[in-house]
file run-v5.cif (mmCIF, C-alpha atoms)
data_upload
#
loop_
_atom_site.group_PDB
_atom_site.id
_atom_site.type_symbol
_atom_site.label_atom_id
_atom_site.label_comp_id
_atom_site.auth_asym_id
_atom_site.auth_seq_id
_atom_site.Cartn_x
_atom_site.Cartn_y
_atom_site.Cartn_z
ATOM 1 C CA MET A 1 -87.363 48.048 -36.083
ATOM 2 C CA LEU A 2 -85.730 50.122 -33.333
ATOM 3 C CA GLU A 3 -82.300 49.608 -34.901
ATOM 4 C CA VAL A 4 -83.593 50.803 -38.273
ATOM 5 C CA LEU A 5 -85.132 53.896 -36.675
ATOM 6 C CA GLU A 6 -81.848 54.679 -34.952
ATOM 7 C CA GLN A 7 -80.031 54.450 -38.290
ATOM 8 C CA LEU A 8 -82.658 56.694 -39.871
ATOM 9 C CA VAL A 9 -82.197 59.333 -37.181
ATOM 10 C CA LYS A 10 -78.421 59.312 -37.673
ATOM 11 C CA ALA A 11 -78.548 59.449 -41.483
ATOM 12 C CA ASN A 12 -77.613 62.910 -42.762
ATOM 13 C CA THR A 13 -77.687 62.527 -46.539
ATOM 14 C CA LEU A 14 -80.453 61.707 -48.968
ATOM 15 C CA GLN A 15 -78.456 58.745 -50.237
ATOM 16 C CA GLN A 16 -78.189 57.206 -46.773
ATOM 17 C CA VAL A 17 -81.884 57.660 -46.033
ATOM 18 C CA TRP A 18 -82.969 56.179 -49.349
ATOM 19 C CA GLN A 19 -80.626 53.202 -49.054
ATOM 20 C CA LEU A 20 -81.974 52.434 -45.581
ATOM 21 C CA HIS A 21 -85.556 52.586 -46.786
ATOM 22 C CA CYS A 22 -84.937 50.433 -49.856
ATOM 23 C CA ASN A 23 -83.185 47.822 -47.739
ATOM 24 C CA ARG A 24 -85.993 47.778 -45.176
ATOM 25 C CA MET A 25 -88.786 47.527 -47.748
ATOM 26 C CA ALA A 26 -86.965 44.649 -49.458
ATOM 27 C CA THR A 27 -87.298 42.610 -46.259
ATOM 28 C CA PHE A 28 -91.086 42.815 -46.711
ATOM 29 C CA GLY A 29 -90.975 41.754 -50.366
ATOM 30 C CA PHE A 30 -91.006 45.209 -51.997
ATOM 31 C CA ASP A 31 -87.822 45.395 -54.039
ATOM 32 C CA ARG A 32 -88.555 48.384 -56.328
ATOM 33 C CA LEU A 33 -89.651 51.746 -54.983
ATOM 34 C CA ILE A 34 -90.560 55.212 -56.189
ATOM 35 C CA TYR A 35 -90.837 58.197 -53.880
ATOM 36 C CA GLY A 36 -92.340 61.452 -55.133
ATOM 37 C CA TYR A 37 -92.575 64.735 -53.244
ATOM 38 C CA THR A 38 -93.658 68.250 -54.162
ATOM 39 C CA ARG A 39 -94.363 71.344 -52.103
ATOM 40 C CA PHE A 40 -95.699 73.289 -55.063
ATOM 41 C CA ALA A 41 -98.847 71.439 -56.117
ATOM 42 C CA THR A 42 -101.979 73.250 -57.269
ATOM 43 C CA PRO A 43 -105.601 72.055 -57.126
ATOM 44 C CA ASN A 44 -105.356 70.785 -60.708
ATOM 45 C CA SER A 45 -101.749 69.607 -60.993
ATOM 46 C CA VAL A 46 -98.717 68.348 -59.108
ATOM 47 C CA GLY A 47 -96.988 71.652 -59.850
ATOM 48 C CA GLU A 48 -93.832 72.337 -61.836
ATOM 49 C CA LEU A 49 -92.025 69.009 -62.132
ATOM 50 C CA MET A 50 -88.625 70.703 -62.073
ATOM 51 C CA ASP A 51 -89.356 71.551 -58.430
ATOM 52 C CA ALA A 52 -90.420 68.014 -57.492
ATOM 53 C CA VAL A 53 -88.219 65.285 -56.045
ATOM 54 C CA PHE A 54 -88.264 61.693 -57.262
ATOM 55 C CA LEU A 55 -86.229 58.862 -55.754
ATOM 56 C CA THR A 56 -86.192 55.326 -57.118
ATOM 57 C CA ASN A 57 -84.255 52.090 -57.315
ATOM 58 C CA HIS A 58 -86.150 50.961 -60.418
ATOM 59 C CA ASP A 59 -84.277 50.194 -63.608
ATOM 60 C CA PRO A 60 -83.192 53.479 -65.263
ATOM 61 C CA GLY A 61 -85.097 52.560 -68.426
ATOM 62 C CA TYR A 62 -88.353 52.217 -66.517
ATOM 63 C CA PHE A 63 -87.725 55.411 -64.581
ATOM 64 C CA ALA A 64 -87.013 57.358 -67.769
ATOM 65 C CA GLN A 65 -90.329 56.387 -69.332
ATOM 66 C CA PHE A 66 -92.534 56.414 -66.262
ATOM 67 C CA ILE A 67 -91.251 59.596 -64.598
ATOM 68 C CA GLU A 68 -89.182 61.632 -67.033
ATOM 69 C CA GLU A 69 -91.689 61.189 -69.859
ATOM 70 C CA ARG A 70 -94.459 61.979 -67.342
ATOM 71 C CA MET A 71 -96.408 58.771 -67.808
ATOM 72 C CA PHE A 72 -96.934 58.679 -64.036
ATOM 73 C CA LEU A 73 -99.298 61.657 -64.314
ATOM 74 C CA HIS A 74 -101.869 59.296 -65.847
ATOM 75 C CA ALA A 75 -101.302 56.370 -63.479
ATOM 76 C CA PRO A 76 -104.228 55.167 -61.338
ATOM 77 C CA LEU A 77 -101.972 55.344 -58.269
ATOM 78 C CA THR A 78 -101.344 59.052 -58.932
ATOM 79 C CA ARG A 79 -105.064 59.751 -59.175
ATOM 80 C CA TRP A 80 -105.639 57.821 -55.956
ATOM 81 C CA ALA A 81 -102.914 59.829 -54.193
ATOM 82 C CA ARG A 82 -104.488 63.109 -55.325
ATOM 83 C CA GLU A 83 -107.807 61.996 -53.872
ATOM 84 C CA ASN A 84 -106.306 60.657 -50.627
ATOM 85 C CA ASP A 85 -103.814 62.725 -48.667
ATOM 86 C CA SER A 86 -102.929 59.832 -46.357
ATOM 87 C CA GLY A 87 -103.273 56.073 -46.059
ATOM 88 C CA TYR A 88 -102.456 53.188 -48.376
ATOM 89 C CA CYS A 89 -103.974 51.341 -51.296
ATOM 90 C CA SER A 90 -103.485 47.876 -52.772
ATOM 91 C CA TRP A 91 -102.890 48.020 -56.502
ATOM 92 C CA GLY A 92 -105.406 45.225 -56.860
ATOM 93 C CA ALA A 93 -108.083 47.598 -55.568
ATOM 94 C CA LEU A 94 -107.039 50.201 -58.136
ATOM 95 C CA TRP A 95 -107.096 47.813 -61.066
ATOM 96 C CA GLN A 96 -110.006 45.484 -60.296
ATOM 97 C CA HIS A 97 -112.581 47.653 -62.107
ATOM 98 C CA PRO A 98 -111.018 48.415 -65.518
ATOM 99 C CA GLU A 99 -114.317 49.803 -66.780
ATOM 100 C CA GLU A 100 -113.861 52.723 -64.360
ATOM 101 C CA LEU A 101 -110.389 53.598 -65.670
ATOM 102 C CA THR A 102 -109.584 56.093 -68.408
ATOM 103 C CA GLN A 103 -107.864 55.050 -71.619
ATOM 104 C CA LYS A 104 -104.612 56.675 -70.490
ATOM 105 C CA GLU A 105 -104.784 54.841 -67.160
ATOM 106 C CA LEU A 106 -105.270 51.547 -68.993
ATOM 107 C CA GLU A 107 -102.232 52.351 -71.133
ATOM 108 C CA VAL A 108 -100.146 52.966 -68.008
ATOM 109 C CA ILE A 109 -101.252 49.635 -66.542
ATOM 110 C CA ALA A 110 -100.336 47.854 -69.785
ATOM 111 C CA PHE A 111 -96.910 49.519 -69.767
ATOM 112 C CA ASN A 112 -96.316 48.535 -66.141
ATOM 113 C CA ARG A 113 -97.238 44.924 -66.839
ATOM 114 C CA GLN A 114 -94.847 44.898 -69.773
ATOM 115 C CA MET A 115 -92.100 46.175 -67.443
ATOM 116 C CA GLY A 116 -92.866 43.633 -64.713
ATOM 117 C CA VAL A 117 -94.516 46.168 -62.404
ATOM 118 C CA THR A 118 -97.637 44.159 -61.679
ATOM 119 C CA ALA A 119 -98.268 44.067 -57.932
ATOM 120 C CA GLY A 120 -97.718 46.474 -55.081
ATOM 121 C CA TYR A 121 -99.002 49.118 -52.722
ATOM 122 C CA THR A 122 -99.101 52.900 -52.720
ATOM 123 C CA VAL A 123 -98.668 54.877 -49.511
ATOM 124 C CA ALA A 124 -99.797 58.507 -49.359
ATOM 125 C CA VAL A 125 -97.957 60.485 -46.698
ATOM 126 C CA PRO A 126 -99.895 63.138 -44.742
ATOM 127 C CA THR A 127 -98.448 66.636 -45.154
ATOM 128 C CA PRO A 128 -99.253 69.898 -43.340
ATOM 129 C CA SER A 129 -99.993 71.901 -46.500
ATOM 130 C CA ASP A 130 -102.629 71.568 -49.212
ATOM 131 C CA ARG A 131 -99.863 72.245 -51.744
ATOM 132 C CA SER A 132 -97.592 69.461 -50.492
ATOM 133 C CA HIS A 133 -97.969 65.878 -51.661
ATOM 134 C CA ALA A 134 -95.764 62.859 -51.002
ATOM 135 C CA LEU A 135 -96.184 59.205 -51.872
ATOM 136 C CA PHE A 136 -94.358 55.902 -52.072
ATOM 137 C CA ALA A 137 -95.084 53.372 -54.814
ATOM 138 C CA LEU A 138 -93.909 49.978 -53.547
ATOM 139 C CA THR A 139 -93.525 47.272 -56.199
ATOM 140 C CA GLY A 140 -93.476 43.653 -55.080
ATOM 141 C CA GLN A 141 -90.660 41.370 -56.118
ATOM 142 C CA PRO A 142 -91.374 39.432 -59.342
ATOM 143 C CA ASP A 143 -92.186 36.114 -57.666
ATOM 144 C CA LEU A 144 -94.940 37.632 -55.492
ATOM 145 C CA THR A 145 -98.534 38.094 -56.625
ATOM 146 C CA GLN A 146 -100.866 40.819 -55.425
ATOM 147 C CA GLY A 147 -102.496 38.202 -53.222
ATOM 148 C CA ASP A 148 -99.128 37.403 -51.646
ATOM 149 C CA LEU A 149 -98.510 41.087 -50.963
ATOM 150 C CA ASP A 150 -101.978 41.507 -49.475
ATOM 151 C CA VAL A 151 -101.163 38.747 -46.982
ATOM 152 C CA ILE A 152 -97.859 40.433 -46.112
ATOM 153 C CA TRP A 153 -99.613 43.784 -45.725
ATOM 154 C CA ALA A 154 -102.224 42.336 -43.390
ATOM 155 C CA ASP A 155 -99.388 41.351 -41.057
ATOM 156 C CA LYS A 156 -96.794 44.085 -41.607
ATOM 157 C CA GLY A 157 -98.705 46.906 -43.284
ATOM 158 C CA LYS A 158 -98.765 49.196 -40.266
ATOM 159 C CA GLU A 159 -94.997 48.928 -39.825
ATOM 160 C CA ILE A 160 -94.448 49.576 -43.544
ATOM 161 C CA GLU A 161 -96.742 52.601 -43.481
ATOM 162 C CA VAL A 162 -94.987 54.034 -40.408
ATOM 163 C CA MET A 163 -91.568 53.517 -42.010
ATOM 164 C CA CYS A 164 -92.714 55.327 -45.158
ATOM 165 C CA ASN A 165 -94.026 58.238 -43.114
ATOM 166 C CA LEU A 166 -90.853 58.532 -41.035
ATOM 167 C CA THR A 167 -88.642 58.252 -44.109
ATOM 168 C CA HIS A 168 -90.573 61.080 -45.747
ATOM 169 C CA LEU A 169 -90.188 63.269 -42.660
ATOM 170 C CA LYS A 170 -86.444 62.626 -42.674
ATOM 171 C CA ILE A 171 -86.145 63.413 -46.393
ATOM 172 C CA ALA A 172 -88.195 66.593 -45.950
ATOM 173 C CA SER A 173 -85.784 67.760 -43.239
ATOM 174 C CA LEU A 174 -82.720 67.458 -45.510
ATOM 175 C CA PRO A 175 -81.541 69.828 -48.259
ATOM 176 C CA ILE A 176 -83.597 68.918 -51.319
ATOM 177 C CA GLU A 177 -81.959 68.886 -54.727
ATOM 178 C CA THR A 178 -84.363 69.400 -57.607
ATOM 179 C CA ASN A 179 -83.725 69.429 -61.344
ATOM 180 C CA ARG A 180 -83.175 73.176 -61.456
ATOM 181 C CA PRO A 181 -79.659 74.630 -61.704
ATOM 182 C CA LYS A 182 -77.992 74.946 -58.318
ATOM 183 C CA LEU A 183 -77.320 78.343 -56.848
ATOM 184 C CA SER A 184 -73.708 79.343 -56.391
ATOM 185 C CA ARG A 185 -72.429 79.926 -52.869
ATOM 186 C CA ARG A 186 -72.427 83.685 -53.433
ATOM 187 C CA GLN A 187 -75.992 83.717 -54.741
ATOM 188 C CA LEU A 188 -77.146 81.709 -51.761
ATOM 189 C CA GLU A 189 -75.233 83.924 -49.336
ATOM 190 C CA VAL A 190 -76.897 87.033 -50.755
ATOM 191 C CA LEU A 191 -80.334 85.440 -50.354
ATOM 192 C CA GLU A 192 -79.501 84.452 -46.783
ATOM 193 C CA TRP A 193 -78.609 88.045 -45.870
ATOM 194 C CA VAL A 194 -81.720 89.436 -47.579
ATOM 195 C CA ALA A 195 -83.844 86.841 -45.772
ATOM 196 C CA GLU A 196 -82.458 88.223 -42.504
ATOM 197 C CA GLY A 197 -83.765 91.687 -43.402
ATOM 198 C CA LYS A 198 -80.650 93.270 -44.902
ATOM 199 C CA SER A 199 -80.956 95.755 -47.759
ATOM 200 C CA ASN A 200 -78.946 95.382 -50.954
ATOM 201 C CA GLN A 201 -76.633 98.135 -49.702
ATOM 202 C CA ASP A 202 -76.207 96.325 -46.373
ATOM 203 C CA VAL A 203 -75.355 93.071 -48.126
ATOM 204 C CA ALA A 204 -72.905 94.816 -50.453
ATOM 205 C CA THR A 205 -71.099 96.284 -47.450
ATOM 206 C CA ILE A 206 -71.041 92.968 -45.589
ATOM 207 C CA MET A 207 -69.726 91.039 -48.589
ATOM 208 C CA GLY A 208 -67.346 93.758 -49.756
ATOM 209 C CA VAL A 209 -68.804 94.114 -53.241
ATOM 210 C CA SER A 210 -70.867 96.673 -55.138
ATOM 211 C CA VAL A 211 -74.656 96.973 -55.070
ATOM 212 C CA PRO A 212 -74.865 96.094 -58.808
ATOM 213 C CA THR A 213 -73.011 92.852 -58.021
ATOM 214 C CA ILE A 214 -75.572 92.032 -55.333
ATOM 215 C CA GLU A 215 -78.388 92.793 -57.759
ATOM 216 C CA LYS A 216 -76.757 90.501 -60.330
ATOM 217 C CA HIS A 217 -76.562 87.648 -57.803
ATOM 218 C CA LEU A 218 -80.232 88.114 -56.942
ATOM 219 C CA ARG A 219 -81.258 88.207 -60.611
ATOM 220 C CA LEU A 220 -79.359 84.998 -61.386
ATOM 221 C CA ALA A 221 -80.834 83.315 -58.307
ATOM 222 C CA ARG A 222 -84.366 84.237 -59.389
ATOM 223 C CA GLU A 223 -83.727 82.922 -62.899
ATOM 224 C CA LYS A 224 -82.356 79.613 -61.634
ATOM 225 C CA LEU A 225 -85.271 79.147 -59.251
ATOM 226 C CA GLY A 226 -87.863 80.082 -61.862
ATOM 227 C CA VAL A 227 -89.435 82.923 -59.864
ATOM 228 C CA ASP A 228 -90.118 86.619 -60.453
ATOM 229 C CA THR A 229 -89.303 88.203 -57.097
ATOM 230 C CA THR A 230 -86.616 87.888 -54.459
ATOM 231 C CA ALA A 231 -89.291 87.128 -51.863
ATOM 232 C CA GLN A 232 -90.383 84.145 -53.961
ATOM 233 C CA ALA A 233 -86.760 83.029 -54.266
ATOM 234 C CA ILE A 234 -86.336 83.122 -50.488
ATOM 235 C CA ALA A 235 -89.557 81.165 -50.005
ATOM 236 C CA LYS A 236 -88.501 78.477 -52.482
ATOM 237 C CA ILE A 237 -85.016 78.084 -51.000
ATOM 238 C CA THR A 238 -86.604 77.834 -47.552
ATOM 239 C CA PHE A 239 -88.961 75.103 -48.777
ATOM 240 C CA LEU A 240 -85.958 73.224 -50.178
ATOM 241 C CA ASN A 241 -84.000 73.499 -46.897
ATOM 242 C CA GLN A 242 -81.012 75.018 -48.674
ATOM 243 C CA PHE A 243 -80.246 77.915 -46.337
ATOM 244 C CA HIS A 244 -77.167 77.580 -44.090
ATOM 245 C CA VAL A 245 -76.328 74.087 -45.347
ATOM 246 C CA ARG A 246 -73.048 72.526 -44.302
ATOM 247 C CA SER A 247 -70.602 71.613 -47.027
ATOM 248 C CA SER A 248 -69.943 67.994 -47.966
ATOM 249 C CA ASN A 249 -66.947 68.063 -45.619
ATOM 250 C CA ASP A 250 -69.232 68.736 -42.657
ATOM 251 C CA SER A 251 -71.332 65.726 -41.624
ATOM 252 C CA GLY A 252 -71.809 64.560 -45.194
ATOM 253 C CA SER A 253 -74.336 67.194 -46.244
ATOM 254 C CA MET A 254 -74.679 68.286 -49.850
ATOM 255 C CA LYS A 255 -72.043 70.671 -51.136
ATOM 256 C CA LEU A 256 -73.251 73.835 -52.826
ATOM 257 C CA ASN A 257 -71.892 74.996 -56.158
ATOM 258 C CA ASP A 258 -69.337 77.774 -56.365
ATOM 259 C CA GLU A 259 -69.181 80.532 -58.975
ATOM 260 C CA ALA A 260 -67.698 78.201 -61.584
ATOM 261 C CA ASP A 261 -71.048 76.428 -61.799
ATOM 262 C CA GLU A 262 -72.913 79.345 -63.394
ATOM 263 C CA GLY A 263 -73.238 77.553 -66.729
ATOM 264 C CA SER A 264 -73.934 74.073 -65.416
ATOM 265 C CA ALA A 265 -76.620 71.944 -67.027
ATOM 266 C CA VAL A 266 -80.194 72.012 -65.807
ATOM 267 C CA SER A 267 -80.527 68.238 -65.588
ATOM 268 C CA ARG A 268 -78.668 66.411 -62.833
ATOM 269 C CA ARG A 269 -79.007 62.816 -61.763
ATOM 270 C CA LEU A 270 -77.112 60.782 -59.200
ATOM 271 C CA ARG A 271 -77.169 57.045 -59.825
ATOM 272 C CA SER A 272 -75.874 54.030 -57.968
ATOM 273 C CA ASN A 273 -77.082 50.459 -57.655
ATOM 274 C CA GLU A 274 -79.801 51.502 -55.234
ATOM 275 C CA TYR A 275 -80.315 55.230 -55.710
ATOM 276 C CA THR A 276 -81.681 57.521 -58.372
ATOM 277 C CA SER A 277 -82.627 61.119 -57.691
ATOM 278 C CA SER A 278 -84.111 63.413 -60.273
ATOM 279 C CA GLY A 279 -86.507 66.164 -61.044
ATOM 280 C CA ALA A 280 -88.550 65.365 -64.125
ATOM 281 C CA HIS A 281 -87.710 67.080 -67.390
#
call {"tool": "encode", "arguments": {"input": "run-v5.cif", "output": "structure tokens"}}
result
Amino acid sequence: MLEVLEQLVKANTLQQVWQLHCNRMATFGFDRLIYGYTRFATPNSVGELMDAVFLTNHDPGYFAQFIEERMFLHAPLTRWARENDSGYCSWGALWQHPEELTQKELEVIAFNRQMGVTAGYTVAVPTPSDRSHALFALTGQPDLTQGDLDVIWADKGKEIEVMCNLTHLKIASLPIETNRPKLSRRQLEVLEWVAEGKSNQDVATIMGVSVPTIEKHLRLAREKLGVDTTAQAIAKITFLNQFHVRSSNDSGSMKLNDEADEGSAVSRRLRSNEYTSSGAH
């Protein structure tokens, strides 16, 4: 485990972290994973899904229906995670009393069984804020029953839970890419100066442009982030760890868009054999 932790510490991109976690969980018999994280939840909802982060190595077809069509909102594991801000739960415990489930929850279970998602565990990650929620849904490989996974968990559950918690902490420390349009470098630079206490006139002087240009950058940034005020924009960018981010040429961090990206599409998804990242539509 020490070697895996060392690799996790050294990882500096979301892709690297997710690949490490998927590989490690597979050694315990969990070959399909979903990670969900939001910092904008409310007492009655998970918040705006465009601001949430979802990572998975499930089949794209399953991911599209379960996450992008918001079926997960009615899943028993989601309800359990809302009621428990830390810990783990066997899916057998969630499903063993069908009479206590809602009709929508029963429909989600039927869909999962149809898609071969029949046994697993959910891990809720403790977070420091009432508005933050993070969880891992770990699906067992097809040849393992829930009973098999329960035996594995009895022996390795603590290590799995710790790995999930550490992986979340690493992800939360990296720049987070949601499904909203990316800010251009100039828009982000303006927000960075304002966050440091500079006035619009100060920023215009520093950047060698006019005050109306600065105001335009701030307006576009607010629109892309879905907020009403510049203070809210700064708060959201801070939550997403997008201030003062190195370019992709520096230590592999995410590269920010330049001005040519103003009209880019809202929906972005990066796929590989082991990695899918998306905000829900």
call {"tool": "closest_residue", "arguments": {"input": "run-v5.cif", "among": "A:Lys104, A:His97, A:Arg24, A:Arg79", "to": "Thr122 in chain A", "atoms": "all atoms listed in the file"}}
result
A:Arg79
call {"tool": "axis_aligned_box", "arguments": {"input": "run-v5.cif", "around": "range 201-210 of chain A", "padding_each_side": "4 Å", "output": "AutoDock Vina command-line options"}}
result
--center_x -72.0 --center_y 94.6 --center_z -50.4 --size_x 17.3 --size_y 15.1 --size_z 17.5
call {"tool": "closest_atom_pairs", "arguments": {"input": "run-v5.cif", "of": "range 189-252 of chain A", "to": "range 166-174 of chain A", "cutoff": "10 Å", "atoms": "only C-alpha atoms", "output": "Markdown table"}}
result
| residue | atom | partner | partner_atom | distance |
| --- | --- | --- | --- | --- |
| A:Phe239 | CA | A:Ala172 | CA | 9.0 |
| A:Leu240 | CA | A:Leu174 | CA | 8.1 |
| A:Asn241 | CA | A:Leu174 | CA | 6.3 |
| A:Gln242 | CA | A:Leu174 | CA | 8.4 |
| A:Val245 | CA | A:Leu174 | CA | 9.2 |
call {"tool": "atom_distance", "arguments": {"input": "run-v5.cif", "atom1": "CA of Glu83 in chain A", "atom2": "CA of His133 in chain A"}}
result
10.8 Å
call {"tool": "atom_distance", "arguments": {"input": "run-v5.cif", "atom1": "CA of Thr42 in chain A", "atom2": "CA of Leu188 in chain A"}}
result
26.8 Å
call {"tool": "residues_around", "arguments": {"input": "run-v5.cif", "residues": "Asp85 in chain A", "least_positions_apart": "6", "cutoff": "8 Å", "atoms": "all atoms listed in the file", "output": "list of chain:residue names"}}
result
A:Ala124, A:Val125, A:Pro126, A:Thr127, A:His133
call {"tool": "resolve_selection", "arguments": {"input": "run-v5.cif", "expression": "the PyMOL selection byres ((chain A and resi 194-203) around 12)", "output": "ChimeraX atom specification"}}
result
/A:186-193,204-218,230-238,243-244
call {"tool": "write_last_selection", "arguments": {"input": "run-v5.cif", "atoms": "C-alpha atoms", "output": "mmCIF file, in the coordinates of the input"}}
result
data_model
loop_
_atom_site.group_PDB
_atom_site.id
_atom_site.type_symbol
_atom_site.label_atom_id
_atom_site.label_comp_id
_atom_site.auth_asym_id
_atom_site.auth_seq_id
_atom_site.Cartn_x
_atom_site.Cartn_y
_atom_site.Cartn_z
ATOM 1 C CA ARG A 186 -72.427 83.685 -53.433
ATOM 2 C CA GLN A 187 -75.992 83.717 -54.741
ATOM 3 C CA LEU A 188 -77.146 81.709 -51.761
ATOM 4 C CA GLU A 189 -75.233 83.924 -49.336
ATOM 5 C CA VAL A 190 -76.897 87.033 -50.755
ATOM 6 C CA LEU A 191 -80.334 85.440 -50.354
ATOM 7 C CA GLU A 192 -79.501 84.452 -46.783
ATOM 8 C CA TRP A 193 -78.609 88.045 -45.870
ATOM 9 C CA ALA A 204 -72.905 94.816 -50.453
ATOM 10 C CA THR A 205 -71.099 96.284 -47.450
ATOM 11 C CA ILE A 206 -71.041 92.968 -45.589
ATOM 12 C CA MET A 207 -69.726 91.039 -48.589
ATOM 13 C CA GLY A 208 -67.346 93.758 -49.756
ATOM 14 C CA VAL A 209 -68.804 94.114 -53.241
ATOM 15 C CA SER A 210 -70.867 96.673 -55.138
ATOM 16 C CA VAL A 211 -74.656 96.973 -55.070
ATOM 17 C CA PRO A 212 -74.865 96.094 -58.808
ATOM 18 C CA THR A 213 -73.011 92.852 -58.021
ATOM 19 C CA ILE A 214 -75.572 92.032 -55.333
ATOM 20 C CA GLU A 215 -78.388 92.793 -57.759
ATOM 21 C CA LYS A 216 -76.757 90.501 -60.330
ATOM 22 C CA HIS A 217 -76.562 87.648 -57.803
ATOM 23 C CA LEU A 218 -80.232 88.114 -56.942
ATOM 24 C CA THR A 230 -86.616 87.888 -54.459
ATOM 25 C CA ALA A 231 -89.291 87.128 -51.863
ATOM 26 C CA GLN A 232 -90.383 84.145 -53.961
ATOM 27 C CA ALA A 233 -86.760 83.029 -54.266
ATOM 28 C CA ILE A 234 -86.336 83.122 -50.488
ATOM 29 C CA ALA A 235 -89.557 81.165 -50.005
ATOM 30 C CA LYS A 236 -88.501 78.477 -52.482
ATOM 31 C CA ILE A 237 -85.016 78.084 -51.000
ATOM 32 C CA THR A 238 -86.604 77.834 -47.552
ATOM 33 C CA PHE A 243 -80.246 77.915 -46.337
ATOM 34 C CA HIS A 244 -77.167 77.580 -44.090
#
call {"tool": "residues_around", "arguments": {"input": "run-v5.cif", "residues": "Met163 in chain A", "least_positions_apart": "4", "cutoff": "12 Å", "atoms": "all atoms listed in the file", "output": "ChimeraX atom specification"}}
result
/A:1-2,4-5,8,17-18,20-25,28,123,125,136,156-159,167-170
call {"tool": "resolve_selection", "arguments": {"input": "run-v5.cif", "expression": "the PyMOL selection byres ((chain A and resi 106) around 12)", "output": "PyMOL selection string"}}
result
chain A and resi 71+74-77+94-105+107-113
call {"tool": "write_last_selection", "arguments": {"input": "run-v5.cif", "atoms": "C-alpha atoms", "output": "tab-separated table (two decimals), keeping the file's coordinate frame"}}
result
chain	number	residue	atom	x	y	z
A	71	MET	CA	-96.41	58.77	-67.81
A	74	HIS	CA	-101.87	59.30	-65.85
A	75	ALA	CA	-101.30	56.37	-63.48
A	76	PRO	CA	-104.23	55.17	-61.34
A	77	LEU	CA	-101.97	55.34	-58.27
A	94	LEU	CA	-107.04	50.20	-58.14
A	95	TRP	CA	-107.10	47.81	-61.07
A	96	GLN	CA	-110.01	45.48	-60.30
A	97	HIS	CA	-112.58	47.65	-62.11
A	98	PRO	CA	-111.02	48.42	-65.52
A	99	GLU	CA	-114.32	49.80	-66.78
A	100	GLU	CA	-113.86	52.72	-64.36
A	101	LEU	CA	-110.39	53.60	-65.67
A	102	THR	CA	-109.58	56.09	-68.41
A	103	GLN	CA	-107.86	55.05	-71.62
A	104	LYS	CA	-104.61	56.68	-70.49
A	105	GLU	CA	-104.78	54.84	-67.16
A	107	GLU	CA	-102.23	52.35	-71.13
A	108	VAL	CA	-100.15	52.97	-68.01
A	109	ILE	CA	-101.25	49.64	-66.54
A	110	ALA	CA	-100.34	47.85	-69.78
A	111	PHE	CA	-96.91	49.52	-69.77
A	112	ASN	CA	-96.32	48.54	-66.14
A	113	ARG	CA	-97.24	44.92	-66.84
call {"tool": "atom_distance", "arguments": {"input": "run-v5.cif", "atom1": "CA of Ile34 in chain A", "atom2": "CA of Leu55 in chain A"}}
result
5.7 Å
call {"tool": "closest_residue", "arguments": {"input": "run-v5.cif", "among": "A:Gly36, A:Tyr62, A:Phe30, A:Asn84", "to": "Trp153 in chain A", "atoms": "only C-alpha atoms"}}
result
A:Phe30
